[in-house]
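Next comes upload01.csv, with CSV, C-alpha atoms.
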```csv
chain,number,residue,atom,x,y,z
A,25,MET,CA,-4.6,-155.3,-163.4
A,26,SER,CA,-6.4,-156.5,-160.3
A,27,SER,CA,-6.6,-153.1,-158.9
A,28,GLN,CA,-8.2,-151.7,-162.0
A,29,THR,CA,-10.7,-154.5,-161.9
A,30,GLU,CA,-11.6,-153.7,-158.3
A,31,ASP,CA,-12.0,-150.0,-159.1
A,32,ARG,CA,-14.5,-150.8,-161.9
A,33,LYS,CA,-16.4,-153.0,-159.6
A,34,GLN,CA,-16.5,-150.3,-157.0
A,35,LEU,CA,-17.6,-147.8,-159.6
A,36,SER,CA,-20.2,-150.2,-160.9
A,37,GLY,CA,-21.5,-150.8,-157.4
A,38,GLN,CA,-21.9,-147.1,-156.9
A,39,THR,CA,-23.6,-146.2,-160.2
A,40,LEU,CA,-26.2,-149.0,-160.5
A,41,PRO,CA,-28.4,-148.0,-157.6
A,42,GLY,CA,-28.7,-144.5,-159.1
A,43,ASN,CA,-29.9,-145.8,-162.4
A,44,ASP,CA,-32.7,-147.9,-160.8
A,45,ALA,CA,-34.2,-144.8,-159.0
A,46,GLY,CA,-34.2,-142.8,-162.2
A,47,THR,CA,-35.8,-145.6,-164.1
A,48,ARG,CA,-38.6,-145.9,-161.5
A,49,LYS,CA,-39.2,-142.2,-161.5
A,50,SER,CA,-39.4,-142.1,-165.2
A,51,ALA,CA,-41.9,-145.0,-165.3
A,52,ARG,CA,-44.1,-143.2,-162.7
A,53,LYS,CA,-44.2,-140.1,-164.9
A,54,SER,CA,-45.0,-142.2,-167.9
A,55,TRP,CA,-47.9,-143.9,-166.1
A,56,LEU,CA,-49.2,-140.5,-164.8
A,57,VAL,CA,-49.2,-139.0,-168.3
A,58,LEU,CA,-50.8,-142.1,-169.7
A,59,THR,CA,-53.5,-142.0,-166.9
A,60,ILE,CA,-54.2,-138.3,-167.5
A,61,THR,CA,-54.3,-138.9,-171.2
A,62,VAL,CA,-56.8,-141.8,-170.8
A,63,ILE,CA,-58.9,-139.7,-168.4
A,64,VAL,CA,-59.0,-136.8,-170.8
A,65,VAL,CA,-59.8,-139.1,-173.7
A,66,ALA,CA,-62.5,-140.8,-171.7
A,67,ALA,CA,-63.9,-137.4,-170.6
A,68,LEU,CA,-64.0,-136.2,-174.2
A,69,LEU,CA,-65.6,-139.4,-175.3
A,70,ALA,CA,-68.2,-139.3,-172.5
A,71,SER,CA,-68.9,-135.6,-173.2
A,72,GLY,CA,-69.4,-136.3,-176.9
A,73,ILE,CA,-71.6,-139.4,-176.2
A,74,TRP,CA,-73.7,-137.5,-173.7
A,75,SER,CA,-74.2,-134.5,-176.0
A,76,ARG,CA,-75.3,-136.8,-178.7
A,77,VAL,CA,-77.7,-138.7,-176.4
A,78,ARG,CA,-79.1,-135.4,-175.2
A,79,ALA,CA,-79.4,-134.0,-178.7
A,80,ARG,CA,-81.1,-137.2,-179.8
A,81,THR,CA,-83.5,-137.1,-176.9
A,82,LYS,CA,-84.3,-133.4,-177.6
A,83,LEU,CA,-84.8,-134.2,-181.3
A,84,LYS,CA,-87.2,-137.0,-180.4
A,85,ALA,CA,-89.1,-134.6,-178.1
A,86,GLU,CA,-89.2,-131.9,-180.7
A,87,THR,CA,-90.3,-134.4,-183.3
A,88,ALA,CA,-93.1,-135.6,-181.1
A,89,GLN,CA,-94.1,-132.1,-180.3
A,90,VAL,CA,-94.1,-131.1,-184.0
A,91,ALA,CA,-96.2,-134.1,-184.8
A,92,LEU,CA,-99.0,-132.8,-182.5
A,93,THR,CA,-101.9,-130.9,-184.1
A,94,ALA,CA,-101.6,-127.2,-183.3
A,95,VAL,CA,-104.8,-125.6,-182.2
A,96,SER,CA,-106.0,-122.2,-180.9
A,97,VAL,CA,-108.5,-122.1,-178.0
A,98,VAL,CA,-110.9,-119.7,-176.5
A,99,SER,CA,-112.8,-119.7,-173.2
A,100,PRO,CA,-116.5,-119.1,-173.4
A,101,LYS,CA,-117.7,-115.6,-172.4
A,102,GLN,CA,-120.4,-115.5,-169.7
A,103,THR,CA,-123.4,-113.4,-170.5
A,104,ALA,CA,-124.5,-110.6,-168.2
A,105,PRO,CA,-127.8,-110.8,-166.1
A,106,THR,CA,-129.3,-108.6,-168.8
A,107,GLN,CA,-128.7,-108.4,-172.5
A,108,GLU,CA,-129.4,-105.6,-174.9
A,109,ILE,CA,-131.4,-106.3,-178.0
A,110,ILE,CA,-131.8,-103.8,-180.9
A,111,LEU,CA,-135.0,-103.9,-182.8
A,112,PRO,CA,-136.6,-101.7,-185.5
A,113,GLY,CA,-139.3,-99.3,-184.4
A,114,ASN,CA,-141.9,-97.1,-186.2
A,115,VAL,CA,-142.3,-93.6,-184.7
A,116,GLN,CA,-145.9,-92.4,-184.8
A,117,PRO,CA,-147.6,-89.4,-183.3
A,118,PHE,CA,-149.5,-89.9,-180.1
A,119,ILE,CA,-152.7,-88.7,-181.8
A,120,THR,CA,-153.2,-88.6,-185.5
A,121,SER,CA,-156.4,-88.2,-187.5
A,122,PRO,CA,-157.5,-87.6,-191.1
A,123,ILE,CA,-160.1,-84.7,-191.3
A,124,TYR,CA,-163.2,-85.6,-193.4
A,125,ALA,CA,-166.1,-83.4,-194.4
A,126,ARG,CA,-169.6,-84.2,-192.9
A,127,THR,CA,-171.5,-82.5,-195.7
A,128,ASN,CA,-171.4,-82.4,-199.5
A,129,GLY,CA,-170.3,-79.3,-201.5
A,130,TYR,CA,-167.4,-77.5,-202.9
A,131,LEU,CA,-164.4,-76.2,-201.0
A,132,LYS,CA,-164.8,-72.5,-200.7
A,133,LYS,CA,-161.5,-71.7,-198.9
A,134,TRP,CA,-158.8,-73.3,-196.8
A,135,TYR,CA,-156.8,-71.5,-194.1
A,136,VAL,CA,-153.9,-73.8,-193.2
A,137,ASP,CA,-151.3,-75.7,-195.1
A,138,ILE,CA,-148.8,-78.5,-194.3
A,139,GLY,CA,-146.5,-77.7,-191.3
A,140,ALA,CA,-149.0,-75.3,-189.8
A,141,ARG,CA,-149.5,-75.7,-186.0
A,142,VAL,CA,-153.1,-75.4,-185.1
A,143,LYS,CA,-155.1,-75.2,-181.9
A,144,GLN,CA,-158.2,-77.1,-181.0
A,145,GLY,CA,-161.3,-75.4,-182.6
A,146,GLN,CA,-159.2,-73.4,-185.1
A,147,LEU,CA,-161.0,-72.9,-188.5
A,148,LEU,CA,-159.3,-75.0,-191.2
A,149,ALA,CA,-161.6,-74.6,-194.2
A,150,VAL,CA,-165.1,-73.6,-195.4
A,151,ILE,CA,-167.3,-75.7,-197.7
A,152,GLU,CA,-169.9,-74.1,-199.9
A,153,THR,CA,-173.2,-76.2,-199.7
A,154,PRO,CA,-176.1,-74.5,-201.6
A,155,GLU,CA,-178.2,-77.6,-201.7
A,156,VAL,CA,-178.0,-78.1,-198.0
A,157,ASP,CA,-178.8,-74.5,-197.4
A,158,GLN,CA,-182.0,-74.9,-199.5
A,159,GLN,CA,-182.9,-78.1,-197.7
A,160,LEU,CA,-182.6,-76.2,-194.4
A,161,GLN,CA,-184.8,-73.5,-195.7
A,162,GLN,CA,-187.4,-76.0,-196.8
A,163,ALA,CA,-187.3,-77.8,-193.5
A,164,ARG,CA,-187.9,-74.6,-191.7
A,165,SER,CA,-190.9,-73.8,-193.9
A,166,ASN,CA,-192.3,-77.2,-193.3
A,167,LEU,CA,-191.9,-76.7,-189.6
A,168,LEU,CA,-193.8,-73.4,-189.7
A,169,THR,CA,-196.7,-75.1,-191.6
A,170,ALA,CA,-196.7,-77.9,-189.1
A,171,LYS,CA,-196.8,-75.5,-186.2
A,172,ALA,CA,-199.7,-73.6,-187.7
A,173,ASN,CA,-201.7,-76.8,-188.2
A,174,LEU,CA,-200.8,-77.8,-184.6
A,175,GLU,CA,-202.1,-74.5,-183.3
A,176,LEU,CA,-205.4,-75.0,-185.2
A,177,ALA,CA,-205.7,-78.5,-184.0
A,178,SER,CA,-205.1,-77.3,-180.4
A,179,ILE,CA,-207.9,-74.8,-180.7
A,180,THR,CA,-210.3,-77.3,-182.2
A,181,LYS,CA,-209.4,-79.8,-179.5
A,182,ALA,CA,-210.0,-77.3,-176.7
A,183,ARG,CA,-213.4,-76.2,-178.2
A,184,TYR,CA,-214.7,-79.8,-178.6
A,185,GLU,CA,-213.7,-80.7,-175.1
A,186,GLY,CA,-215.7,-77.6,-173.8
A,187,LEU,CA,-218.7,-78.5,-175.9
A,188,LEU,CA,-218.6,-82.1,-174.6
A,189,LYS,CA,-219.4,-80.9,-171.1
A,190,THR,CA,-222.8,-79.5,-172.4
A,191,HIS,CA,-223.3,-82.6,-174.6
A,192,ALA,CA,-223.4,-80.3,-177.7
A,193,VAL,CA,-221.0,-82.7,-179.5
A,194,SER,CA,-220.5,-86.4,-179.4
A,195,GLN,CA,-217.5,-88.2,-177.8
A,196,GLN,CA,-216.5,-89.3,-181.3
A,197,ASP,CA,-216.0,-85.7,-182.4
A,198,VAL,CA,-213.9,-85.0,-179.3
A,199,ASP,CA,-211.7,-88.1,-180.0
A,200,ASN,CA,-211.2,-87.0,-183.6
A,201,ALA,CA,-210.1,-83.5,-182.5
A,202,VAL,CA,-207.7,-85.0,-180.0
A,203,GLY,CA,-206.3,-87.4,-182.6
A,204,THR,CA,-205.8,-84.6,-185.1
A,205,TYR,CA,-203.9,-82.6,-182.4
A,206,ASN,CA,-201.6,-85.4,-181.5
A,207,ALA,CA,-200.9,-86.1,-185.2
A,208,ASN,CA,-200.0,-82.5,-185.9
A,209,ASN,CA,-197.9,-82.4,-182.8
A,210,ALA,CA,-195.9,-85.4,-184.1
A,211,ILE,CA,-195.5,-83.7,-187.4
A,212,VAL,CA,-194.1,-80.6,-185.7
A,213,GLU,CA,-191.6,-82.8,-183.8
A,214,ALA,CA,-190.5,-84.5,-187.0
A,215,ASP,CA,-190.1,-81.2,-188.9
A,216,GLN,CA,-188.1,-79.8,-186.0
A,217,ALA,CA,-185.8,-82.8,-186.2
A,218,ALA,CA,-185.4,-82.2,-189.9
A,219,VAL,CA,-184.5,-78.6,-189.2
A,220,ASP,CA,-182.0,-79.6,-186.6
A,221,GLN,CA,-180.5,-82.1,-189.0
A,222,PHE,CA,-180.0,-79.6,-191.8
A,223,THR,CA,-178.8,-77.0,-189.3
A,224,ALA,CA,-176.1,-79.4,-188.2
A,225,LEU,CA,-175.1,-80.1,-191.9
A,226,VAL,CA,-174.9,-76.4,-192.5
A,227,SER,CA,-172.6,-76.1,-189.5
A,228,PHE,CA,-170.4,-78.7,-191.0
A,229,GLU,CA,-169.6,-76.3,-193.8
A,230,LYS,CA,-166.8,-75.1,-191.5
A,231,ILE,CA,-164.0,-77.5,-190.7
A,232,TYR,CA,-162.4,-77.1,-187.3
A,233,ALA,CA,-159.3,-78.7,-185.8
A,234,PRO,CA,-160.3,-81.5,-183.3
A,235,PHE,CA,-157.1,-81.1,-181.2
A,236,ASP,CA,-153.8,-79.2,-181.0
A,237,GLY,CA,-151.3,-80.5,-183.5
A,238,VAL,CA,-149.5,-80.0,-186.8
A,239,VAL,CA,-151.0,-80.3,-190.3
A,240,THR,CA,-149.1,-83.1,-192.0
A,241,ALA,CA,-151.1,-83.2,-195.2
A,242,ARG,CA,-153.6,-81.1,-197.2
A,243,ASN,CA,-155.4,-83.1,-199.9
A,244,THR,CA,-157.8,-80.5,-201.3
A,245,ASP,CA,-157.9,-77.1,-202.9
A,246,ILE,CA,-160.4,-74.4,-203.7
A,247,GLY,CA,-163.2,-75.6,-205.9
A,248,ASP,CA,-162.8,-79.3,-205.2
A,249,LEU,CA,-165.9,-81.4,-204.9
A,250,ILE,CA,-166.3,-82.6,-201.3
A,251,ASN,CA,-168.1,-85.8,-200.4
A,252,SER,CA,-169.2,-86.3,-196.9
A,253,GLY,CA,-167.4,-88.9,-194.8
A,254,SER,CA,-170.7,-90.7,-194.0
A,255,SER,CA,-171.8,-91.2,-197.7
A,256,SER,CA,-171.1,-94.2,-199.8
A,257,ALA,CA,-169.2,-92.2,-202.4
A,258,VAL,CA,-165.5,-91.8,-202.5
A,259,LYS,CA,-164.5,-90.0,-199.3
A,260,THR,CA,-162.1,-87.0,-199.4
A,261,ASP,CA,-159.8,-86.5,-196.4
A,262,LEU,CA,-159.2,-82.8,-196.5
A,263,PHE,CA,-156.3,-82.7,-193.9
A,264,HIS,CA,-154.2,-84.9,-191.8
A,265,ILE,CA,-153.4,-83.6,-188.3
A,266,ALA,CA,-150.8,-85.1,-185.9
A,267,GLN,CA,-149.9,-84.4,-182.3
A,268,PRO,CA,-146.1,-84.7,-182.2
A,269,GLY,CA,-145.6,-83.5,-178.6
A,270,LYS,CA,-145.6,-87.1,-177.5
A,271,LEU,CA,-144.7,-90.0,-179.7
A,272,ARG,CA,-145.7,-93.6,-179.8
A,273,VAL,CA,-143.0,-96.1,-181.0
A,274,TYR,CA,-144.3,-99.5,-182.0
A,275,VAL,CA,-141.9,-102.4,-181.8
A,276,ASN,CA,-142.3,-106.1,-182.7
A,277,VAL,CA,-140.3,-108.2,-180.1
A,278,PRO,CA,-139.4,-111.8,-181.1
A,279,GLU,CA,-141.2,-114.4,-179.1
A,280,GLU,CA,-138.1,-115.7,-177.3
A,281,TYR,CA,-137.6,-112.3,-175.6
A,282,SER,CA,-141.3,-111.8,-174.7
A,283,GLN,CA,-141.1,-113.1,-171.2
A,284,GLY,CA,-138.5,-110.4,-170.3
A,285,ILE,CA,-140.7,-107.6,-171.6
A,286,LYS,CA,-142.4,-105.7,-168.7
A,287,VAL,CA,-144.5,-102.5,-168.6
A,288,GLY,CA,-142.4,-99.7,-167.1
A,289,MET,CA,-139.1,-100.7,-168.8
A,290,THR,CA,-137.0,-97.9,-170.3
A,291,ALA,CA,-135.8,-98.0,-173.9
A,292,ASP,CA,-133.3,-95.9,-175.8
A,293,LEU,CA,-134.0,-94.8,-179.4
A,294,SER,CA,-131.2,-94.0,-181.9
A,295,LEU,CA,-131.9,-92.5,-185.3
A,296,THR,CA,-129.6,-92.0,-188.2
A,297,GLU,CA,-130.2,-88.3,-188.4
A,298,PHE,CA,-129.0,-88.0,-184.8
A,299,PRO,CA,-125.9,-90.2,-184.7
A,300,ALA,CA,-124.5,-88.8,-181.4
A,301,ARG,CA,-127.8,-88.7,-179.5
A,302,THR,CA,-130.2,-91.2,-177.9
A,303,PHE,CA,-133.8,-90.6,-176.8
A,304,ARG,CA,-135.3,-92.2,-173.7
A,305,GLY,CA,-138.7,-93.7,-173.8
A,306,THR,CA,-140.9,-95.8,-171.5
A,307,LEU,CA,-142.7,-99.1,-172.4
A,308,VAL,CA,-146.3,-98.3,-171.5
A,309,ARG,CA,-148.2,-101.3,-172.9
A,310,THR,CA,-148.0,-104.6,-174.8
A,311,ALA,CA,-150.4,-106.6,-176.9
A,312,ASP,CA,-150.3,-109.5,-174.4
A,313,SER,CA,-150.4,-111.9,-177.3
A,314,ILE,CA,-148.0,-113.3,-179.8
A,315,ASN,CA,-148.8,-112.6,-183.5
A,316,VAL,CA,-149.3,-116.0,-185.1
A,317,THR,CA,-147.9,-114.8,-188.4
A,318,THR,CA,-144.7,-113.1,-187.3
A,319,ARG,CA,-144.3,-114.8,-183.9
A,320,THR,CA,-143.6,-111.4,-182.3
A,321,LEU,CA,-145.1,-109.4,-179.4
A,322,LEU,CA,-146.2,-105.9,-180.2
A,323,ILE,CA,-145.2,-103.3,-177.7
A,324,GLU,CA,-145.7,-99.5,-177.4
A,325,ILE,CA,-143.0,-97.1,-176.2
A,326,ASP,CA,-143.9,-93.5,-175.4
A,327,VAL,CA,-141.3,-90.8,-176.0
A,328,ASP,CA,-141.7,-87.2,-174.9
A,329,ASN,CA,-141.0,-84.8,-177.8
A,330,PRO,CA,-141.9,-81.3,-176.5
A,331,SER,CA,-139.7,-79.5,-178.9
A,332,GLY,CA,-140.7,-81.5,-181.9
A,333,THR,CA,-137.1,-82.7,-182.5
A,334,LEU,CA,-138.3,-86.2,-183.6
A,335,LEU,CA,-140.4,-86.3,-186.7
A,336,THR,CA,-143.4,-88.6,-186.9
A,337,GLY,CA,-143.0,-91.5,-189.3
A,338,SER,CA,-139.3,-91.8,-188.6
A,339,TYR,CA,-137.4,-95.2,-188.4
A,340,ALA,CA,-135.7,-95.8,-185.1
A,341,GLU,CA,-133.5,-98.5,-183.6
A,342,VAL,CA,-134.9,-99.4,-180.2
A,343,HIS,CA,-132.4,-100.6,-177.6
A,344,LEU,CA,-134.1,-102.8,-175.0
A,345,LYS,CA,-132.3,-104.3,-172.0
A,346,VAL,CA,-134.0,-107.6,-171.5
A,347,PRO,CA,-133.3,-109.5,-168.2
A,348,GLU,CA,-131.9,-113.1,-168.5
A,349,TYR,CA,-133.4,-115.7,-166.4
A,350,LYS,CA,-130.2,-117.7,-166.3
A,351,SER,CA,-126.6,-116.8,-167.3
A,352,THR,CA,-125.5,-118.4,-170.6
A,353,LEU,CA,-122.2,-118.6,-172.5
A,354,ILE,CA,-121.1,-117.0,-175.7
A,355,LEU,CA,-118.8,-118.6,-178.3
A,356,PRO,CA,-117.6,-117.6,-181.8
A,357,VAL,CA,-119.5,-119.5,-184.4
A,358,ASN,CA,-116.2,-120.9,-185.9
A,359,THR,CA,-115.9,-123.2,-182.9
A,360,LEU,CA,-118.9,-125.3,-183.8
A,361,LEU,CA,-118.7,-128.8,-185.3
A,362,PHE,CA,-121.7,-130.0,-187.2
A,363,ARG,CA,-121.8,-133.8,-186.9
A,364,SER,CA,-124.4,-136.3,-187.8
A,365,GLU,CA,-125.0,-137.0,-184.1
A,366,GLY,CA,-125.6,-133.3,-183.4
A,367,LEU,CA,-123.9,-130.0,-182.7
A,368,ARG,CA,-120.4,-130.5,-181.0
A,369,VAL,CA,-117.5,-128.4,-179.9
A,370,GLY,CA,-114.0,-129.6,-179.2
A,371,ILE,CA,-112.4,-128.7,-175.8
A,372,VAL,CA,-108.8,-129.5,-174.7
A,373,LYS,CA,-108.3,-131.4,-171.5
A,374,ASP,CA,-104.9,-132.6,-170.4
A,375,GLY,CA,-103.5,-132.1,-173.9
A,376,LYS,CA,-106.2,-134.2,-175.5
A,377,VAL,CA,-109.4,-133.4,-177.4
A,378,VAL,CA,-112.8,-134.0,-175.9
A,379,LEU,CA,-115.9,-133.5,-178.2
A,380,VAL,CA,-118.9,-132.4,-176.2
A,381,ALA,CA,-122.5,-131.9,-177.2
A,382,VAL,CA,-123.9,-128.3,-176.7
A,383,THR,CA,-127.3,-126.8,-176.9
A,384,PRO,CA,-127.4,-123.5,-178.9
A,385,GLY,CA,-129.4,-120.4,-178.0
A,386,HIS,CA,-129.7,-117.1,-179.8
A,387,ASP,CA,-127.6,-116.6,-183.0
A,388,PHE,CA,-125.9,-113.2,-183.0
A,389,GLY,CA,-124.2,-113.7,-186.4
A,390,ASP,CA,-120.5,-114.1,-185.6
A,391,ARG,CA,-121.3,-115.3,-182.1
A,392,ILE,CA,-123.8,-117.8,-180.7
A,393,GLU,CA,-125.3,-118.4,-177.3
A,394,ILE,CA,-124.6,-121.8,-175.7
A,395,VAL,CA,-127.4,-122.8,-173.3
A,396,SER,CA,-125.9,-126.0,-172.0
A,397,GLY,CA,-122.9,-128.3,-172.4
A,398,LEU,CA,-120.0,-126.0,-171.4
A,399,THR,CA,-118.5,-124.2,-168.4
A,400,PRO,CA,-116.7,-120.9,-168.4
A,401,ASP,CA,-113.3,-122.6,-167.7
A,402,ASP,CA,-113.4,-124.8,-170.8
A,403,GLN,CA,-110.8,-124.3,-173.5
A,404,VAL,CA,-112.7,-124.5,-176.8
A,405,ILE,CA,-110.9,-125.1,-180.0
A,406,ILE,CA,-111.3,-122.4,-182.7
A,407,ASN,CA,-111.6,-123.6,-186.3
A,408,PRO,CA,-111.4,-127.3,-185.5
A,409,PRO,CA,-110.6,-129.5,-188.5
A,410,ASP,CA,-113.3,-131.8,-189.6
A,411,SER,CA,-111.1,-134.9,-189.0
A,412,ILE,CA,-110.7,-134.1,-185.3
A,413,VAL,CA,-111.8,-136.9,-182.9
A,414,SER,CA,-112.0,-137.3,-179.1
A,415,GLY,CA,-108.7,-138.4,-177.5
A,416,GLN,CA,-106.5,-136.8,-180.2
A,417,ALA,CA,-103.4,-135.2,-178.7
A,418,VAL,CA,-103.1,-131.5,-179.6
A,419,GLN,CA,-100.8,-128.6,-178.9
A,420,ILE,CA,-102.3,-125.2,-177.8
A,421,VAL,CA,-100.5,-122.4,-179.7
A,422,GLN,CA,-102.8,-119.5,-178.9
A,423,ALA,CA,-105.4,-118.9,-176.2
A,424,THR,CA,-108.0,-116.2,-176.4
A,425,LEU,CA,-109.5,-114.7,-173.3
A,426,PRO,CA,-113.3,-114.5,-172.8
A,427,GLY,CA,-113.1,-110.7,-172.9
A,428,ASP,CA,-111.7,-110.8,-176.4
A,429,ILE,CA,-114.9,-112.3,-177.8
A,430,LYS,CA,-116.7,-109.5,-179.5
```
Could you write out this structure as structure tokens?
Amino acid sequence: MSSQTEDRKQLSGQTLPGNDAGTRKSARKSWLVLTITVIVVAALLASGIWSRVRARTKLKAETAQVALTAVSVVSPKQTAPTQEIILPGNVQPFITSPIYARTNGYLKKWYVDIGARVKQGQLLAVIETPEVDQQLQQARSNLLTAKANLELASITKARYEGLLKTHAVSQQDVDNAVGTYNANNAIVEADQAAVDQFTALVSFEKIYAPFDGVVTARNTDIGDLINSGSSSAVKTDLFHIAQPGKLRVYVNVPEEYSQGIKVGMTADLSLTEFPARTFRGTLVRTADSINVTTRTLLIEIDVDNPSGTLLTGSYAEVHLKVPEYKSTLILPVNTLLFRSEGLRVGIVKDGKVVLVAVTPGHDFGDRIEIVSGLTPDDQVIINPPDSIVSGQAVQIVQATLPGDIK
């Protein structure tokens, strides 16, 4: 009995230490698992919280960004030292003249028609003037009578002067003879002038070309009654002749460009009938005054036309390169804001709107020249809303380069 009890004690003394070690080991494993579980759970919680915080921050940023007004901007385009202006021009011949008659009569015959090229002195037409022919004949007869009377007066004068030396006649008789001679001499001169006048009128029966050119109009026909250009009756211009070898182009230049117009400048002409060609001309003279009605400066451009390619009377577009005294900026017209305080444009600086006053120049339709108020680096808002104000935060969604302004 006692021995069994001792054996159990021994057994109990041997097995208890082993159980304590296992228990401690199992406890450490439990704590390790628990710690890892806590860490994992904490990591998951932290990750979820951080992702939510980051999403909320991003959402706030995106919301703030969306709340900004979206605008498109453009930078002003700087003008070149010279700018080309296009103006309408009237093409006229270098010399043009209506041909009038210098005597009255009926047209007997004409020798040229429209489009005929004539030389200086070439016969164009003949006028039949029977009245003038008769007047010439009468003037010649009067001249012969006057010459006969002058001859008789000359003989009488010489005879009386000879008799005066012998005192056969009085001085009074000699003076009368001399006076008669002088009077008849004056009559001869007057009759000679009348003959010369009617001879000239008869010579005007033939119409000659005053210069080389082209007949552009014929306003008469055989049998027409012709009134001289010097009479008070209705005048008849028989022909029109133009010299198309060199053309004059007259252009009215607006006053604002007048200071850039200088004699010697070149100009290019374009015509609708020659879409792929330009014709070079030279500015030869200006009116040197502004027309008070149209506020324009009249200039003349000469264009060589040796082959007659250009027709007189044509309409041409004249391209002139006018120098600029200072470089300016060009903006689309849809950038302008019309406010009660004056013309404004909105520019973006540091994400905010600044309304600046500008001074306009020339209006080109879809574009406008800005003389002052901007710099080439400014970002100008396109189509700004009427409600836009200075200091308003905006978001740039599209930027247009200066070269894209047409």
- Leaving out Asn209 in chain A and any residue of its chain fewer than 6 positions from it, which residues lie within 9 Å of it when counting only C-alpha atoms, given as a PyMOL selection string? chain A and resi 170-171+173-175+177
- For Leu168 in chain A, the closest of A:Ile420, A:Val273, A:Val219, A:Val395 counting all atoms listed in the file is A:Val219
- Query: Given the choices A:Ser121, A:Gly366, A:Ile371, A:Gly72, which gets closest to Asn407 in chain A if the distance is worked out from all atoms listed in the file?
  - Reply: A:Ile371
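Interatomic distance, CA of Phe222 in chain A to CA of Val150 in chain A: 16.5 Å.
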- What separation in Å, quoted to one decimal, exists between CA of Phe298 in chain A and CA of Thr120 in chain A?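 The value is 24.2 Å.
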